[in-house]
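Shown below: input37.cif, with mmCIF, C-alpha atoms.
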data_data
#
loop_
_atom_site.label_atom_id
_atom_site.label_comp_id
_atom_site.auth_asym_id
_atom_site.auth_seq_id
_atom_site.Cartn_x
_atom_site.Cartn_y
_atom_site.Cartn_z
CA MET A 1 -15.75 8.56 69.40
CA HIS A 2 -14.89 11.82 67.71
CA SER A 3 -12.42 14.41 68.91
CA THR A 4 -13.73 17.42 70.84
CA PRO A 5 -11.81 20.46 72.12
CA GLU A 6 -11.88 18.80 75.58
CA ASN A 7 -10.66 15.30 74.63
CA ILE A 8 -8.32 16.12 71.75
CA GLN A 9 -4.97 14.30 71.98
CA VAL A 10 -2.19 16.83 71.32
CA LEU A 11 1.17 15.22 70.50
CA PHE A 12 3.17 18.43 69.94
CA GLU A 13 2.42 22.10 70.28
CA ASP A 14 4.36 25.34 69.99
CA ASN A 15 3.75 28.81 68.50
CA HIS A 16 4.16 27.49 64.95
CA LEU A 17 2.62 24.01 64.83
CA ILE A 18 0.06 21.84 66.57
CA ILE A 19 0.13 18.09 65.93
CA VAL A 20 -2.72 15.85 67.06
CA ASN A 21 -3.55 12.16 67.14
CA LYS A 22 -6.64 11.84 64.96
CA ARG A 23 -9.32 9.38 66.03
CA PRO A 24 -10.84 7.14 63.34
CA GLY A 25 -13.97 8.86 62.02
CA ASP A 26 -12.60 12.38 62.47
CA ILE A 27 -12.63 14.27 59.22
CA VAL A 28 -9.60 16.58 58.79
CA GLN A 29 -11.22 19.27 56.62
CA GLY A 30 -14.85 20.14 55.99
CA ASP A 31 -16.61 18.18 53.22
CA LYS A 32 -20.10 17.60 51.87
CA THR A 33 -21.13 15.60 54.99
CA GLY A 34 -21.20 18.86 56.94
CA ASP A 35 -19.65 17.08 59.95
CA LEU A 36 -17.47 19.17 62.25
CA PRO A 37 -13.91 18.79 60.92
CA LEU A 38 -10.86 18.24 63.10
CA SER A 39 -9.44 21.58 61.92
CA GLU A 40 -12.38 23.38 63.58
CA VAL A 41 -12.03 21.28 66.76
CA VAL A 42 -8.34 22.26 67.00
CA LYS A 43 -9.22 25.95 66.42
CA LYS A 44 -11.69 25.76 69.32
CA TYR A 45 -9.06 24.07 71.50
CA ILE A 46 -6.55 26.87 70.76
CA ALA A 47 -9.17 29.59 71.36
CA MET A 48 -10.09 28.01 74.71
CA LYS A 49 -6.54 27.28 75.89
CA TYR A 50 -5.04 30.66 74.99
CA GLN A 51 -8.25 32.66 75.42
CA LYS A 52 -7.84 34.05 71.93
CA PRO A 53 -10.60 36.41 70.85
CA GLY A 54 -11.54 36.51 67.17
CA GLU A 55 -10.57 34.09 64.43
CA VAL A 56 -7.79 31.57 65.13
CA PHE A 57 -5.45 30.92 62.17
CA LEU A 58 -4.98 27.23 61.46
CA GLY A 59 -3.57 25.78 58.25
CA VAL A 60 -4.16 22.18 57.17
CA VAL A 61 -0.78 20.78 56.11
CA HIS A 62 -1.92 17.31 54.99
CA ARG A 63 -4.87 14.97 55.40
CA LEU A 64 -5.63 11.46 56.57
CA ASP A 65 -8.54 9.42 55.26
CA ARG A 66 -11.56 9.58 57.53
CA PRO A 67 -11.45 5.93 58.76
CA THR A 68 -7.68 6.17 59.47
CA SER A 69 -6.14 7.24 62.79
CA GLY A 70 -2.88 8.90 63.74
CA ILE A 71 -0.70 11.95 63.24
CA VAL A 72 -2.12 15.09 61.65
CA VAL A 73 -0.08 18.31 61.44
CA PHE A 74 -1.64 21.78 61.51
CA ALA A 75 0.19 25.09 61.14
CA ARG A 76 -0.51 27.98 63.48
CA THR A 77 1.01 30.66 61.24
CA SER A 78 0.97 31.26 57.49
CA LYS A 79 4.79 31.10 57.42
CA ALA A 80 4.81 27.67 59.09
CA LEU A 81 2.04 26.51 56.73
CA ALA A 82 4.00 27.49 53.59
CA ARG A 83 7.17 25.82 54.87
CA MET A 84 5.42 22.63 56.01
CA ASN A 85 3.57 22.40 52.69
CA ALA A 86 6.95 22.56 50.96
CA LEU A 87 8.40 19.83 53.23
CA PHE A 88 5.49 17.52 52.45
CA SER A 89 5.40 18.18 48.70
CA GLU A 90 9.19 17.81 48.37
CA ARG A 91 9.02 14.57 50.41
CA GLU A 92 11.32 15.88 53.11
CA THR A 93 9.29 14.15 55.81
CA GLN A 94 9.56 10.52 56.90
CA LYS A 95 6.16 8.90 57.43
CA THR A 96 5.64 5.53 59.09
CA TYR A 97 2.27 3.76 59.26
CA TRP A 98 1.02 0.65 60.98
CA ALA A 99 -1.57 -1.55 59.31
CA VAL A 100 -3.36 -4.76 60.28
CA VAL A 101 -4.03 -6.79 57.14
CA LYS A 102 -5.75 -9.96 56.09
CA ASN A 103 -3.41 -12.68 54.79
CA LYS A 104 0.31 -12.79 55.23
CA PRO A 105 2.18 -10.77 52.58
CA PRO A 106 4.25 -12.78 50.10
CA ARG A 107 7.52 -11.53 51.65
CA GLU A 108 8.59 -10.59 55.19
CA ALA A 109 9.66 -7.20 53.84
CA ASP A 110 9.31 -5.69 50.38
CA THR A 111 9.06 -2.53 48.31
CA LEU A 112 5.84 -2.09 46.35
CA ILE A 113 5.86 0.05 43.22
CA HIS A 114 2.61 0.68 41.38
CA PHE A 115 0.99 3.32 39.22
CA LEU A 116 -2.14 4.64 40.88
CA LYS A 117 -5.06 6.06 38.98
CA ARG A 118 -7.69 7.89 40.97
CA ASN A 119 -11.39 7.54 40.22
CA PRO A 120 -12.96 10.67 41.77
CA LYS A 121 -16.55 9.40 41.30
CA GLN A 122 -15.86 6.30 43.41
CA ASN A 123 -13.30 8.12 45.60
CA LYS A 124 -10.99 5.17 44.99
CA SER A 125 -7.53 4.60 43.53
CA TYR A 126 -6.66 1.67 41.28
CA ALA A 127 -3.12 0.26 41.24
CA TYR A 128 -1.46 -0.87 38.00
CA SER A 129 1.87 -2.59 37.54
CA LYS A 130 2.66 -0.45 34.48
CA GLU A 131 2.09 3.21 33.77
CA VAL A 132 -1.39 4.03 32.43
CA PRO A 133 -2.75 7.43 31.33
CA ASP A 134 -3.20 9.88 34.26
CA SER A 135 -1.55 7.51 36.72
CA LYS A 136 1.01 8.52 39.35
CA LYS A 137 3.92 6.42 40.56
CA ALA A 138 3.45 5.13 44.11
CA ILE A 139 6.23 3.60 46.24
CA LEU A 140 6.05 2.13 49.72
CA HIS A 141 8.21 -0.20 51.82
CA TYR A 142 6.66 -2.65 54.25
CA LYS A 143 7.86 -5.17 56.81
CA ILE A 144 5.90 -7.60 58.99
CA ILE A 145 6.22 -6.55 62.64
CA LYS A 146 3.90 -9.10 64.21
CA GLU A 147 1.96 -12.21 63.23
CA LEU A 148 -1.50 -12.21 64.82
CA THR A 149 -3.93 -15.16 64.84
CA HIS A 150 -5.85 -14.16 61.70
CA TYR A 151 -3.92 -11.11 60.59
CA SER A 152 -0.48 -9.68 59.98
CA ALA A 153 0.68 -6.36 61.41
CA LEU A 154 2.84 -4.34 59.03
CA GLU A 155 5.03 -1.29 59.40
CA ILE A 156 4.96 0.84 56.27
CA ALA A 157 7.33 3.59 55.18
CA LEU A 158 5.83 5.83 52.51
CA GLU A 159 8.03 7.21 49.79
CA THR A 160 5.22 8.94 47.90
CA GLY A 161 1.93 10.30 49.20
CA ARG A 162 -0.84 9.32 46.79
CA HIS A 163 -4.59 9.17 47.27
CA HIS A 164 -5.44 5.96 49.24
CA GLN A 165 -1.95 4.73 48.42
CA ILE A 166 -1.41 2.24 51.26
CA ARG A 167 -4.97 0.91 51.05
CA SER A 168 -4.78 0.38 47.30
CA GLN A 169 -1.26 -1.05 47.15
CA LEU A 170 -1.79 -3.55 49.98
CA ALA A 171 -5.09 -4.70 48.44
CA THR A 172 -3.18 -5.35 45.19
CA ILE A 173 -0.94 -7.91 46.95
CA ASN A 174 -4.07 -9.55 48.42
CA CYS A 175 -3.57 -8.00 51.88
CA PRO A 176 -6.53 -5.64 52.33
CA ILE A 177 -6.53 -3.64 55.57
CA LYS A 178 -8.89 -4.88 58.28
CA GLY A 179 -12.25 -3.12 57.99
CA ASP A 180 -11.52 -1.61 54.57
CA LEU A 181 -14.57 -2.68 52.52
CA LYS A 182 -13.67 -0.27 49.72
CA TYR A 183 -10.45 -2.17 49.05
CA GLY A 184 -11.66 -5.72 49.45
CA PHE A 185 -11.87 -6.58 53.14
CA ASP A 186 -14.93 -8.74 53.74
CA ARG A 187 -16.56 -6.84 56.62
CA SER A 188 -16.39 -3.41 58.17
CA ASN A 189 -15.18 -2.57 61.67
CA GLU A 190 -18.05 -1.77 64.04
CA ASP A 191 -16.99 1.85 64.45
CA GLY A 192 -16.42 2.37 60.71
CA SER A 193 -12.65 2.62 61.18
CA ILE A 194 -9.99 0.73 59.26
CA HIS A 195 -6.84 -0.67 60.88
CA LEU A 196 -4.46 1.88 59.38
CA HIS A 197 -2.62 4.24 61.72
CA ALA A 198 -0.20 7.10 60.98
CA ARG A 199 2.33 6.02 63.61
CA LYS A 200 5.43 8.18 63.25
CA LEU A 201 6.51 11.40 61.54
CA THR A 202 9.99 12.91 61.34
CA PHE A 203 10.71 16.34 59.89
CA ILE A 204 12.83 19.46 60.38
CA HIS A 205 10.93 22.17 62.25
CA PRO A 206 9.99 24.95 59.76
CA VAL A 207 11.20 27.76 62.05
CA LYS A 208 13.53 26.28 64.68
CA LYS A 209 15.29 24.03 62.15
CA GLU A 210 15.56 21.19 64.67
CA GLU A 211 14.51 17.62 64.00
CA VAL A 212 11.05 16.79 65.32
CA VAL A 213 10.04 13.14 65.84
CA ILE A 214 6.38 12.47 66.65
CA THR A 215 4.95 9.06 67.62
CA ALA A 216 1.21 8.48 68.02
CA PRO A 217 -0.27 5.68 70.14
CA PRO A 218 -2.83 3.64 68.16
CA PRO A 219 -6.50 3.55 69.20
CA LYS A 220 -7.46 1.27 72.12
CA ASP A 221 -8.53 -2.01 70.58
CA VAL A 222 -7.67 -5.70 70.95
CA LEU A 223 -5.58 -5.93 67.77
CA TRP A 224 -3.68 -2.67 68.24
CA ASP A 225 -3.00 -3.60 71.87
CA ALA A 226 -1.53 -6.92 70.69
CA ILE A 227 1.07 -5.07 68.62
#
Show how you would write the structure in this file as structure tokens.
Amino acid sequence: MHSTPENIQVLFEDNHLIIVNKRPGDIVQGDKTGDLPLSEVVKKYIAMKYQKPGEVFLGVVHRLDRPTSGIVVFARTSKALARMNALFSERETQKTYWAVVKNKPPREADTLIHFLKRNPKQNKSYAYSKEVPDSKKAILHYKIIKELTHYSALEIALETGRHHQIRSQLATINCPIKGDLKYGFDRSNEDGSIHLHARKLTFIHPVKKEEVVITAPPPKDVLWDAI
């Protein structure tokens, strides 16, 4: 079920930013698939809502992997885009994710530090315990928030934002995310999603300088509902 201008779930909206809850399967920016990206859906929503003639400005601040759900921030002005880009690159945002994983992690709560090396051909990142050429340091903190019958639900705080970081790091501790075939889960979810959700984002508003805290409800599904 992809987002459309009519069913889009807006979590926050003002003259500077629009923040939406991405459905699994939505693609944030256009790619070689040629599928309609979320950025274009949001532009259409703004054009319809505010009856804006001509081209709507919308800047993509960050991305989420296609099978992932949750918070995506777009900027409505070039000034907000530049400032939000700086917040994200300087790690001045707090990002919390939820994940449903196979196997119980070795500890109730832990910090994972790896060096990730991206393989662009496979569109995959490999995690190493020591630095290797062209690798980038990746840090996340997790805690178990709920034990489910066959799975564990984790809350993850990201310290760095690397390509496929959560997916790769959790797979390395033998806890692949449900549905994530690419990182070692044994079968895909029917809708092609994975059980990884960008749950919460905290940042200082680029113009108003006030703290903004956004929380996104996870998709409707038996496992998410159990959490």
Completion exercise
Using all atoms listed in the file, the shortest atom-to-atom distance to Ala86 (chain A) among A:Ala226, A:Ile204, A:Leu58, A:Val213 belongs to A:Ile204
Under the rule of at most 12 Å, produce a per-residue listing of region 73-118 of chain A near region 175-187 of chain A: chain, number, name, the closest pair of atoms, and the distance in Å, as a tab-separated table, using only C-alpha atoms.
residue	atom	partner	partner_atom	distance
A:Trp98	CA	A:Ile177	CA	10.2
A:Ala99	CA	A:Ile177	CA	6.6
A:Val100	CA	A:Ile177	CA	5.8
A:Val101	CA	A:Ile177	CA	4.3
A:Lys102	CA	A:Cys175	CA	5.1
A:Asn103	CA	A:Cys175	CA	5.5
A:Lys104	CA	A:Cys175	CA	7.0
A:Pro105	CA	A:Cys175	CA	6.4
A:Pro106	CA	A:Cys175	CA	9.3
A:Arg107	CA	A:Cys175	CA	11.6
Problem - Test item: which residues lie within 7 Å of (9.0, 9.8, 57.6) counting all atoms listed in the file, as number ranges by chain - result: A: 93-96, 157, 200-202
Exercise for the section: Could you tell me which of A:Tyr128, A:Ser69, A:Leu36, A:Gly54 comes closest to Lys22 (chain A) if we count all atoms listed in the file? Expected result: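 Residue with the minimum atom-to-atom distance to Lys22 (chain A): A:Ser69.
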Exercise for the section: Enumerate, as a list in words, the residues matched when the PyMOL selection byres ((chain A and resi 38-43) around 8) is run on the file above. Expected result: Ser3, Thr4, Pro5, Ile8, Lys22, Asp26, Ile27, Val28, Gln29, Leu36, Pro37, Lys44, Tyr45, Ile46, Ala47, Val56, Phe57, Leu58, Val60 and Phe74 of chain A
Can you write just those residues out, C-alpha atoms, as a compact mmCIF listing (two decimals), keeping the file's coordinate frame?
# COMPACT_ATOMS: atom_id res chain seq x y z
CA SER A 3 -12.42 14.41 68.91
CA THR A 4 -13.73 17.42 70.84
CA PRO A 5 -11.81 20.46 72.12
CA ILE A 8 -8.32 16.12 71.75
CA LYS A 22 -6.64 11.84 64.96
CA ASP A 26 -12.60 12.38 62.47
CA ILE A 27 -12.63 14.27 59.22
CA VAL A 28 -9.60 16.58 58.79
CA GLN A 29 -11.22 19.27 56.62
CA LEU A 36 -17.47 19.17 62.25
CA PRO A 37 -13.91 18.79 60.92
CA LYS A 44 -11.69 25.76 69.32
CA TYR A 45 -9.06 24.07 71.50
CA ILE A 46 -6.55 26.87 70.76
CA ALA A 47 -9.17 29.59 71.36
CA VAL A 56 -7.79 31.57 65.13
CA PHE A 57 -5.45 30.92 62.17
CA LEU A 58 -4.98 27.23 61.46
CA VAL A 60 -4.16 22.18 57.17
CA PHE A 74 -1.64 21.78 61.51
Handout entry: A:Lys130, A:His195, A:Arg162, A:Lys208 ranked by distance to Gly70 (chain A), top pick (using all atoms listed in the file)
Key =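 Ranked by minimum distance to Gly70 (chain A), first place goes to A:His195.
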Handout entry: Å distance separating CA of Pro133 (chain A) from CA of Tyr97 (chain A), one decimal place
Key =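 So the answer is 28.6 Å.
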Problem - CA of Glu147 (chain A) to CA of Ala109 (chain A), distance in Å rounded to a single decimal - result: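 For CA of Glu147 (chain A) relative to CA of Ala109 (chain A), the distance reads 13.1 Å.
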Exercise for the section: Determine the nearest neighbour of Asn119 (chain A) from the options A:His163, A:Leu148, A:Leu154, A:Lys143, counting only C-alpha atoms. Expected result: A:His163
Practice task
Name all residues at most 10 Å from Ser129 (chain A) (count only C-alpha atoms; drop same-chain ones fewer than 4 positions away) and give them as a list in words.
Solution key: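 That gives Leu112, Ile113, His114, Phe115, Leu116, Lys137 and Thr172 of chain A.
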Practice task
Tell me which protein, DNA and RNA residues are within 10 Å of Gly59 (chain A), counting all atoms listed in the file, leaving out same-chain ones fewer than 6 positions away, and put them as a PyMOL selection string.
Solution key: chain A and resi 17-18+39+43+73-82+84-85
